[in-house]
Protein chains: 2
Amino acid sequence: MESEQPHVEDQISLSKYSKRVILETILGRPDGGVGLIGRRIVVGGWVKSSREFRKEPAVQAPEALGPKDVLVDSALASPSHVMPTGTCILAEGILQKPSLQDKEIIELKAEKILHVGLVDQDRYPLSKKRLPLELLRDSTHFRPRTTTVASVMRIRNALTQATNTFFQENRFLYVQVPIITTTDSQGSSEIFQVTTLLAKQKADDQSGTDDFEGIKLEIIKATIKEKSKQIEQLKRSDSNKEAVAAAIQDLKKTTELASQLEAKQKQKSGKHSIQTDKINFSEDFFSCKTYLTVSGRLHLESYASALGNVYSFGPRFHANKFDSKKYLAEMWMVELEMAFSELEDSMECAIDFLKFICKWILENCTEDLKFVSKRVDKLVVDRLQLIVTGPFEKISYTEAVETLKQVTERKFETKVEWGVSLNEEHESYLTDEVYRKPLIIYNHPKELKPFNIRLNDDGKTAAAFDVIVPKVGALIRGSQSEERINMLSTRIKELGLEKKQYEWYLDLRKHGSVRCCGFSFLFDPLVLYATGLNDVRDAVPFPRSFGKANN
Amino acid sequence: MESEQPHVEDQISLSKYSKRVILETILGRPDGGVGLIGRRIVVGGWVKSSREFRKEPAVQAPEALGPKDVLVDSALASPSHVMPTGTCILAEGILQKPSLQDKEIIELKAEKILHVGLVDQDRYPLSKKRLPLELLRDSTHFRPRTTTVASVMRIRNALTQATNTFFQENRFLYVQVPIITTTDSQGSSEIFQVTTLLAKQKADDQSGTDDFEGIKLEIIKATIKEKSKQIEQLKRSDSNKEAVAAAIQDLKKTTELASQLEAKQKQKSGKHSIQTDKINFSEDFFSCKTYLTVSGRLHLESYASALGNVYSFGPRFHANKFDSKKYLAEMWMVELEMAFSELEDSMECAIDFLKFICKWILENCTEDLKFVSKRVDKLVVDRLQLIVTGPFEKISYTEAVETLKQVTERKFETKVEWGVSLNEEHESYLTDEVYRKPLIIYNHPKELKPFNIRLNDDGKTAAAFDVIVPKVGALIRGSQSEERINMLSTRIKELGLEKKQYEWYLDLRKHGSVRCCGFSFLFDPLVLYATGLNDVRDAVPFPRSFGKANN
């Protein structure tokens, strides 16, 4: 019976915990699967495109699971059922040579249709071909079915894997810092509160009904402006007609909505704002005010001050009411703290980390990188190489200011002088125009940094650094903590912070204080860097931003 | 010069991004480090214990970084500075044979003290030896410095690593589901709201000042009861006198606090509760009501319905106002969804996953398992082996009920009959007494499961399963989703759920619906299983529970 056993290279891997095959193991073979012709397999996925062929619909199975042609005889399933884009099909059949002169070198002749998930074509938002990413944002639950978003999400997955691998290989312990915290953001950021005090409200009292799916009129108006602009752009570029038509249709709907809302708002019933000075927080779930964390680094220090090197990777929250292509209200961040380390160590770690994860993507995501290079941005691979192979320029904040002051060919919105916070325009000018490589700026004026950053011996600057890369700007913000209790207390007083909140943190300085260094790494903008996308809302599965939380 | 190069086995690994050595690479050698005598190294850590020796303090360096004796000449540092437990020391010196007849076979003769972080002995909560874990809960920021909590946290780290490794090796994509969501808990759990509406309150208007660090009087009173009980237990057991004394001291402080608070409450100023029917949520950050997620499985289904197999690993939130040794308000969970899979596939995946992570711990945490076996629970390794090697028993809910109904030697608080939700007493009786192995109970009455679980052909049961293990009970709850849109709509109506909230989820059924299976895995109770601990508050870095959020 041994002779019936297929050769190892003829093995077909079943997807674990399902009867379907992993298409990659067929299509990824050097022969593209030709050696498997005649074999019986099960494939499953969502129809990407289809056409009729001698009365047999030929269905191209989901790109998300790999491109594959499936030939379905009309006796097996009605063409009107299986042909619409987005239809889910699980089919058993025989691999054969393609019946059509085609790019594909193998197809599946279906013999049994095991499952069909129909599509309501008129309402399915992805029925139209190649919608711009902006329009897909209203369909966060469907957009991973598009080739681009699927590629981005696979690259995103690989980046999380690379992140964990780097820290585990370097003996960092993973610590889950709390998401709900009583320690606020040190005044550096707007924050969300967590409460059960508002929960008694009846379900029918949804004030959101004055809005559309919870979106404010002002925001809808802003969207209208943006969408009009997009349409102009689409018209100017070589976009297909369907996409332009879809965008115009979409704009029309939005405009209608806005006028409906405006009418409603005029007769709006008077709902009150909360008188926040009358709230008794001792009645709240935790018997006190609690917030969503903006950073876990203070908590991580407690673990570093016992276990050495620790890191965390989780969601962080900022309630900032501005629109940004780089920041969201909910973002995943990597944070780490290292005991017995100095600022220079932390910079070195940041560089090693970025090099490691960029190299990982180049090695493990070749197909997806090929795709985004073609579809999104042809410079993606070069940009990853720049980090992997290139040196990082290191300059002090003072040097950065000197360099920027000498710039004459470009006018900055915020004039540069010592003491001013460098913002995106300055940072990207330095990395894109002056140094043309990743850049570390260190030793910022102490006034620009949180209370717990170590004061340098000059008495003016703090031991902090930022890593700036082309395209997305600052990816990492690092610092050495102030280990001297008296300096720390002084800073808390200077900044007028509420000392009680930080008692536990000050405790770490009172008992066995250690020099601690670390950084925060913005995960989501790195996904932009690695995929060429320009807006973080396209790179996060379910983005949350001011006025917008869809599901 | 080559001859001066040490042999490979004589290499000492520096801790990355720090000058100190990794003690494991010295102490973990077959010779315990003896071959390195004479070498100069830097070690850093927190003093665990110390004694004077011919006027030279011998300091035992931090167990968290590995046990190591450091001999410090009093000319280098004042004994009163370096000897207190908890002192942080970074020292350079020479490895030598021990000066004392001791368990250690190597010690460091310090030549330079590079850093000392003093301890205020009177106020340092860990000055006393071996405090019970219950008392350490008030010092979440210090307790990783104890041997037990350090071991637990290293095992916890290994479990996160094992989790990611299992799913990545099995081609699951990691998807970050949203923490802030507009989709509530389907009525199955109390939830937290996220808001910026309460943020305008002044910092000085902290109603928490009526309480002690935000802890309610009732809770303090409950604590007093519990602490009294603990002291009785401590007295009865062989605990050392210091621990008992510490506990009594602690109780005294708590009692004083309670009476102070009681006095204050009598003259408490009248703060109002919020009139929740008057809140205008369209003014909130997201222009609508938003919650902290209780489960990401609905969102994951959207990604499974495009990319195949997906998983998530992140914090989930329940605002349940009861005290539990197994559940917290904030817990990390693993969730996954697999397209084209049936219930049986999901069970198989759950079993493989549990076997994989338990095996991982046995192979990668030998030293820490040895320690917790000695200090916490000698059955830890047997219990892990039980999952790795043992078969899992699979019984239907109906069989489970039949078995429990026949039990005569034990009276259950909740009487068992078909339709009743099996709770902890039933589940642990079945796994601990009847089957004595991990247990899967499947096909529960549909009334006991959420709206979106697939109805079985019998019309009475739903396609769900629970994995129950000895000691901690249910670790995994899995299910197959209802892929039929009409059935799903009927269930939403039957349960009186607000359909609008689930429109996006129903969309997945309207367009290319697929059979989806998955499960939720409670990460924190597994840490109890793998360490022998009994209370999840000791296994989570910064636990959050009703009335308690320390930092």
# chains A, B, ... in the order shown; residues from 1 in each chain; ligands from 1
$ residues_around --residues "segment 126-133 of chain A" --least-positions-apart "6" --cutoff "10 Å" --atoms "only C-alpha atoms" --output "PDB file with N, CA and C atoms, in the first residue's frame"
ATOM      1  N   LYS A  48     -14.242  36.541  -5.714  1.00  0.00           N
ATOM      2  CA  LYS A  48     -13.640  37.832  -6.011  1.00  0.00           C
ATOM      3  C   LYS A  48     -14.174  38.358  -7.335  1.00  0.00           C
ATOM      4  N   SER A  49     -14.199  37.483  -8.317  1.00  0.00           N
ATOM      5  CA  SER A  49     -14.797  37.879  -9.593  1.00  0.00           C
ATOM      6  C   SER A  49     -15.270  36.606 -10.282  1.00  0.00           C
ATOM      7  N   PRO A  84     -22.150  36.236  -7.843  1.00  0.00           N
ATOM      8  CA  PRO A  84     -21.916  37.591  -7.314  1.00  0.00           C
ATOM      9  C   PRO A  84     -20.643  37.707  -6.472  1.00  0.00           C
ATOM     10  N   THR A  85     -19.946  38.779  -6.634  1.00  0.00           N
ATOM     11  CA  THR A  85     -18.762  39.076  -5.818  1.00  0.00           C
ATOM     12  C   THR A  85     -19.144  39.034  -4.338  1.00  0.00           C
ATOM     13  N   GLY A  86     -18.337  38.345  -3.542  1.00  0.00           N
ATOM     14  CA  GLY A  86     -18.607  38.281  -2.108  1.00  0.00           C
ATOM     15  C   GLY A  86     -19.322  37.021  -1.660  1.00  0.00           C
ATOM     16  N   VAL A 119     -25.127  36.595  -1.553  1.00  0.00           N
ATOM     17  CA  VAL A 119     -24.878  38.031  -1.400  1.00  0.00           C
ATOM     18  C   VAL A 119     -26.081  38.799  -1.936  1.00  0.00           C
ATOM     19  N   ASP A 120     -26.475  39.824  -1.218  1.00  0.00           N
ATOM     20  CA  ASP A 120     -27.511  40.728  -1.716  1.00  0.00           C
ATOM     21  C   ASP A 120     -26.784  41.837  -2.474  1.00  0.00           C
ATOM     22  N   SER A 139     -17.115  50.594   5.913  1.00  0.00           N
ATOM     23  CA  SER A 139     -17.414  49.151   5.921  1.00  0.00           C
ATOM     24  C   SER A 139     -16.284  48.386   6.588  1.00  0.00           C
ATOM     25  N   PHE A 142     -16.387  44.665   6.436  1.00  0.00           N
ATOM     26  CA  PHE A 142     -16.238  43.949   5.165  1.00  0.00           C
ATOM     27  C   PHE A 142     -14.856  44.132   4.535  1.00  0.00           C
ATOM     28  N   ARG A 143     -14.182  45.246   4.895  1.00  0.00           N
ATOM     29  CA  ARG A 143     -13.020  45.596   4.077  1.00  0.00           C
ATOM     30  C   ARG A 143     -11.853  44.598   4.091  1.00  0.00           C
ATOM     31  N   ARG A 145     -12.039  41.807   3.196  1.00  0.00           N
ATOM     32  CA  ARG A 145     -12.253  40.974   2.006  1.00  0.00           C
ATOM     33  C   ARG A 145     -11.614  41.578   0.765  1.00  0.00           C
ATOM     34  N   THR A 146     -11.139  42.827   0.847  1.00  0.00           N
ATOM     35  CA  THR A 146     -10.451  43.408  -0.309  1.00  0.00           C
ATOM     36  C   THR A 146      -8.972  43.021  -0.260  1.00  0.00           C
ATOM     37  N   THR A 147      -8.385  42.943  -1.459  1.00  0.00           N
ATOM     38  CA  THR A 147      -6.994  42.486  -1.550  1.00  0.00           C
ATOM     39  C   THR A 147      -6.053  43.369  -0.755  1.00  0.00           C
ATOM     40  N   THR A 148      -6.259  44.686  -0.838  1.00  0.00           N
ATOM     41  CA  THR A 148      -5.332  45.600  -0.171  1.00  0.00           C
ATOM     42  C   THR A 148      -5.416  45.469   1.341  1.00  0.00           C
ATOM     43  N   VAL A 149      -6.616  45.573   1.884  1.00  0.00           N
ATOM     44  CA  VAL A 149      -6.747  45.506   3.339  1.00  0.00           C
ATOM     45  C   VAL A 149      -6.293  44.132   3.858  1.00  0.00           C
ATOM     46  N   GLN A 230     -12.224  64.341  -2.589  1.00  0.00           N
ATOM     47  CA  GLN A 230     -11.818  63.026  -3.086  1.00  0.00           C
ATOM     48  C   GLN A 230     -12.347  62.789  -4.499  1.00  0.00           C
ATOM     49  N   LEU A 234     -10.383  61.803  -7.713  1.00  0.00           N
ATOM     50  CA  LEU A 234     -10.683  60.586  -8.474  1.00  0.00           C
ATOM     51  C   LEU A 234     -10.880  60.915  -9.951  1.00  0.00           C
ATOM     52  N   SER A 239      -8.806  56.805 -12.194  1.00  0.00           N
ATOM     53  CA  SER A 239      -9.696  55.849 -11.540  1.00  0.00           C
ATOM     54  C   SER A 239     -10.795  55.394 -12.488  1.00  0.00           C
ATOM     55  N   ASN A 240     -11.276  54.170 -12.253  1.00  0.00           N
ATOM     56  CA  ASN A 240     -12.325  53.689 -13.137  1.00  0.00           C
ATOM     57  C   ASN A 240     -13.647  54.406 -12.848  1.00  0.00           C
ATOM     58  N   LYS A 241     -14.524  54.379 -13.822  1.00  0.00           N
ATOM     59  CA  LYS A 241     -15.783  55.107 -13.733  1.00  0.00           C
ATOM     60  C   LYS A 241     -16.642  54.630 -12.572  1.00  0.00           C
ATOM     61  N   GLU A 242     -16.622  53.308 -12.344  1.00  0.00           N
ATOM     62  CA  GLU A 242     -17.445  52.746 -11.268  1.00  0.00           C
ATOM     63  C   GLU A 242     -17.111  53.373  -9.920  1.00  0.00           C
ATOM     64  N   ALA A 243     -15.806  53.532  -9.688  1.00  0.00           N
ATOM     65  CA  ALA A 243     -15.374  54.099  -8.410  1.00  0.00           C
ATOM     66  C   ALA A 243     -15.870  55.541  -8.278  1.00  0.00           C
ATOM     67  N   VAL A 244     -15.760  56.308  -9.351  1.00  0.00           N
ATOM     68  CA  VAL A 244     -16.210  57.702  -9.315  1.00  0.00           C
ATOM     69  C   VAL A 244     -17.723  57.748  -9.074  1.00  0.00           C
ATOM     70  N   ALA A 245     -18.450  56.902  -9.791  1.00  0.00           N
ATOM     71  CA  ALA A 245     -19.900  56.867  -9.641  1.00  0.00           C
ATOM     72  C   ALA A 245     -20.267  56.511  -8.196  1.00  0.00           C
ATOM     73  N   ALA A 246     -19.554  55.528  -7.656  1.00  0.00           N
ATOM     74  CA  ALA A 246     -19.831  55.107  -6.279  1.00  0.00           C
ATOM     75  C   ALA A 246     -19.590  56.259  -5.313  1.00  0.00           C
ATOM     76  N   ALA A 247     -18.519  56.982  -5.540  1.00  0.00           N
ATOM     77  CA  ALA A 247     -18.173  58.090  -4.649  1.00  0.00           C
ATOM     78  C   ALA A 247     -19.227  59.187  -4.732  1.00  0.00           C
ATOM     79  N   LEU A 533       0.650  52.886   3.150  1.00  0.00           N
ATOM     80  CA  LEU A 533      -0.608  53.604   3.358  1.00  0.00           C
ATOM     81  C   LEU A 533      -0.329  54.972   3.990  1.00  0.00           C
ATOM     82  N   ASP A 535      -2.984  56.728   5.847  1.00  0.00           N
ATOM     83  CA  ASP A 535      -3.903  57.062   6.927  1.00  0.00           C
ATOM     84  C   ASP A 535      -4.071  55.855   7.835  1.00  0.00           C
ATOM     85  N   ARG A 537      -6.288  55.048   9.767  1.00  0.00           N
ATOM     86  CA  ARG A 537      -7.632  54.456   9.792  1.00  0.00           C
ATOM     87  C   ARG A 537      -7.768  53.286   8.823  1.00  0.00           C
ATOM     88  N   ASP A 538      -6.857  53.224   7.844  1.00  0.00           N
ATOM     89  CA  ASP A 538      -6.885  52.108   6.903  1.00  0.00           C
ATOM     90  C   ASP A 538      -6.012  50.950   7.373  1.00  0.00           C
TER      91      ASP A 538
ATOM     92  N   HIS B 511     -24.370  38.869   3.478  1.00  0.00           N
ATOM     93  CA  HIS B 511     -23.460  38.887   2.328  1.00  0.00           C
ATOM     94  C   HIS B 511     -22.328  37.878   2.531  1.00  0.00           C
TER      95      HIS B 511
END
$ residues_around --residues "Leu90 of chain A" --least-positions-apart "4" --cutoff "6 Å" --atoms "only C-alpha atoms" --output "PyMOL selection string"
chain A and resi 43-44+114-115
$ atom_distance --atom1 "atom CA of Phe353 of chain B" --atom2 "atom CA of Ala162 of chain B"
9.2 Å
$ atom_distance --atom1 "atom CA of Ala150 of chain A" --atom2 "atom CA of Arg375 of chain A"
12.6 Å
$ residues_around --residues "segment 405-415 of chain B" --least-positions-apart "5" --cutoff "12 Å" --atoms "only C-alpha atoms" --output "PDB file with N, CA and C atoms, in the first residue's frame"
ATOM      1  N   THR B 398     -26.762  17.192  28.295  1.00  0.00           N
ATOM      2  CA  THR B 398     -27.807  16.268  28.759  1.00  0.00           C
ATOM      3  C   THR B 398     -27.195  15.129  29.578  1.00  0.00           C
ATOM      4  N   GLU B 399     -26.079  14.561  29.089  1.00  0.00           N
ATOM      5  CA  GLU B 399     -25.389  13.510  29.852  1.00  0.00           C
ATOM      6  C   GLU B 399     -24.873  14.036  31.189  1.00  0.00           C
ATOM      7  N   ALA B 400     -24.352  15.253  31.153  1.00  0.00           N
ATOM      8  CA  ALA B 400     -23.831  15.848  32.394  1.00  0.00           C
ATOM      9  C   ALA B 400     -24.945  15.967  33.429  1.00  0.00           C
ATOM     10  N   VAL B 420     -31.099  23.998  33.589  1.00  0.00           N
ATOM     11  CA  VAL B 420     -30.396  24.801  34.591  1.00  0.00           C
ATOM     12  C   VAL B 420     -28.956  25.033  34.149  1.00  0.00           C
ATOM     13  N   SER B 421     -28.449  26.220  34.404  1.00  0.00           N
ATOM     14  CA  SER B 421     -27.056  26.505  34.067  1.00  0.00           C
ATOM     15  C   SER B 421     -26.139  25.792  35.054  1.00  0.00           C
ATOM     16  N   LEU B 422     -25.227  24.974  34.541  1.00  0.00           N
ATOM     17  CA  LEU B 422     -24.284  24.295  35.432  1.00  0.00           C
ATOM     18  C   LEU B 422     -23.304  25.331  35.960  1.00  0.00           C
ATOM     19  N   ASN B 423     -23.120  25.392  37.247  1.00  0.00           N
ATOM     20  CA  ASN B 423     -22.170  26.364  37.769  1.00  0.00           C
ATOM     21  C   ASN B 423     -20.942  25.678  38.361  1.00  0.00           C
ATOM     22  N   GLU B 424     -20.138  26.465  39.048  1.00  0.00           N
ATOM     23  CA  GLU B 424     -18.846  25.944  39.490  1.00  0.00           C
ATOM     24  C   GLU B 424     -18.932  24.666  40.308  1.00  0.00           C
ATOM     25  N   GLU B 425     -19.928  24.580  41.209  1.00  0.00           N
ATOM     26  CA  GLU B 425     -20.002  23.383  42.058  1.00  0.00           C
ATOM     27  C   GLU B 425     -20.242  22.124  41.215  1.00  0.00           C
ATOM     28  N   HIS B 426     -21.110  22.245  40.182  1.00  0.00           N
ATOM     29  CA  HIS B 426     -21.390  21.094  39.326  1.00  0.00           C
ATOM     30  C   HIS B 426     -20.183  20.756  38.461  1.00  0.00           C
ATOM     31  N   GLU B 427     -19.615  21.808  37.877  1.00  0.00           N
ATOM     32  CA  GLU B 427     -18.496  21.589  36.960  1.00  0.00           C
ATOM     33  C   GLU B 427     -17.313  20.958  37.679  1.00  0.00           C
ATOM     34  N   SER B 428     -17.011  21.459  38.875  1.00  0.00           N
ATOM     35  CA  SER B 428     -15.831  20.890  39.547  1.00  0.00           C
ATOM     36  C   SER B 428     -16.133  19.499  40.102  1.00  0.00           C
ATOM     37  N   TYR B 429     -17.387  19.237  40.448  1.00  0.00           N
ATOM     38  CA  TYR B 429     -17.707  17.876  40.888  1.00  0.00           C
ATOM     39  C   TYR B 429     -17.460  16.891  39.745  1.00  0.00           C
ATOM     40  N   LEU B 430     -17.914  17.263  38.559  1.00  0.00           N
ATOM     41  CA  LEU B 430     -17.754  16.375  37.398  1.00  0.00           C
ATOM     42  C   LEU B 430     -16.287  16.136  37.062  1.00  0.00           C
ATOM     43  N   GLU B 433     -14.356  14.784  40.720  1.00  0.00           N
ATOM     44  CA  GLU B 433     -14.811  13.562  41.387  1.00  0.00           C
ATOM     45  C   GLU B 433     -15.230  12.463  40.415  1.00  0.00           C
ATOM     46  N   VAL B 434     -15.949  12.839  39.379  1.00  0.00           N
ATOM     47  CA  VAL B 434     -16.489  11.798  38.487  1.00  0.00           C
ATOM     48  C   VAL B 434     -15.465  11.364  37.442  1.00  0.00           C
TER      49      VAL B 434
END
$ closest_residue --among "B:Asp458, B:Asp466, B:Glu169, B:Asp432" --to "chain A" --atoms "only C-alpha atoms"
B:Glu169
$ closest_residue --among "B:Val177, B:Ile351, B:Ala462, B:Ile22" --to "Gly314 of chain A" --atoms "only C-alpha atoms"
B:Val177
$ residues_around --residues "Phe521 of chain A" --least-positions-apart "6" --cutoff "8 Å" --atoms "only C-alpha atoms" --output "PyMOL selection string"
chain A and resi 333-335+475-477
$ select_by_dssp --residues "segment 291-516 of chain B" --states "strand (DSSP E)" --output "ChimeraX atom specification"
/B:291-292,309-317,330-339,393-396,439-445,461-469,473-480,516
$ closest_residue --among "B:Ala110, B:Ala75, B:Leu261, B:Cys288" --to "chain A" --atoms "only C-alpha atoms"
B:Cys288
$ atom_distance --atom1 "atom CA of Cys365 of chain B" --atom2 "atom CA of His141 of chain B"
23.8 Å
$ closest_residue --among "B:Asp31, B:Glu330, B:Glu363, B:Glu337" --to "chain A" --atoms "only C-alpha atoms"
B:Glu330
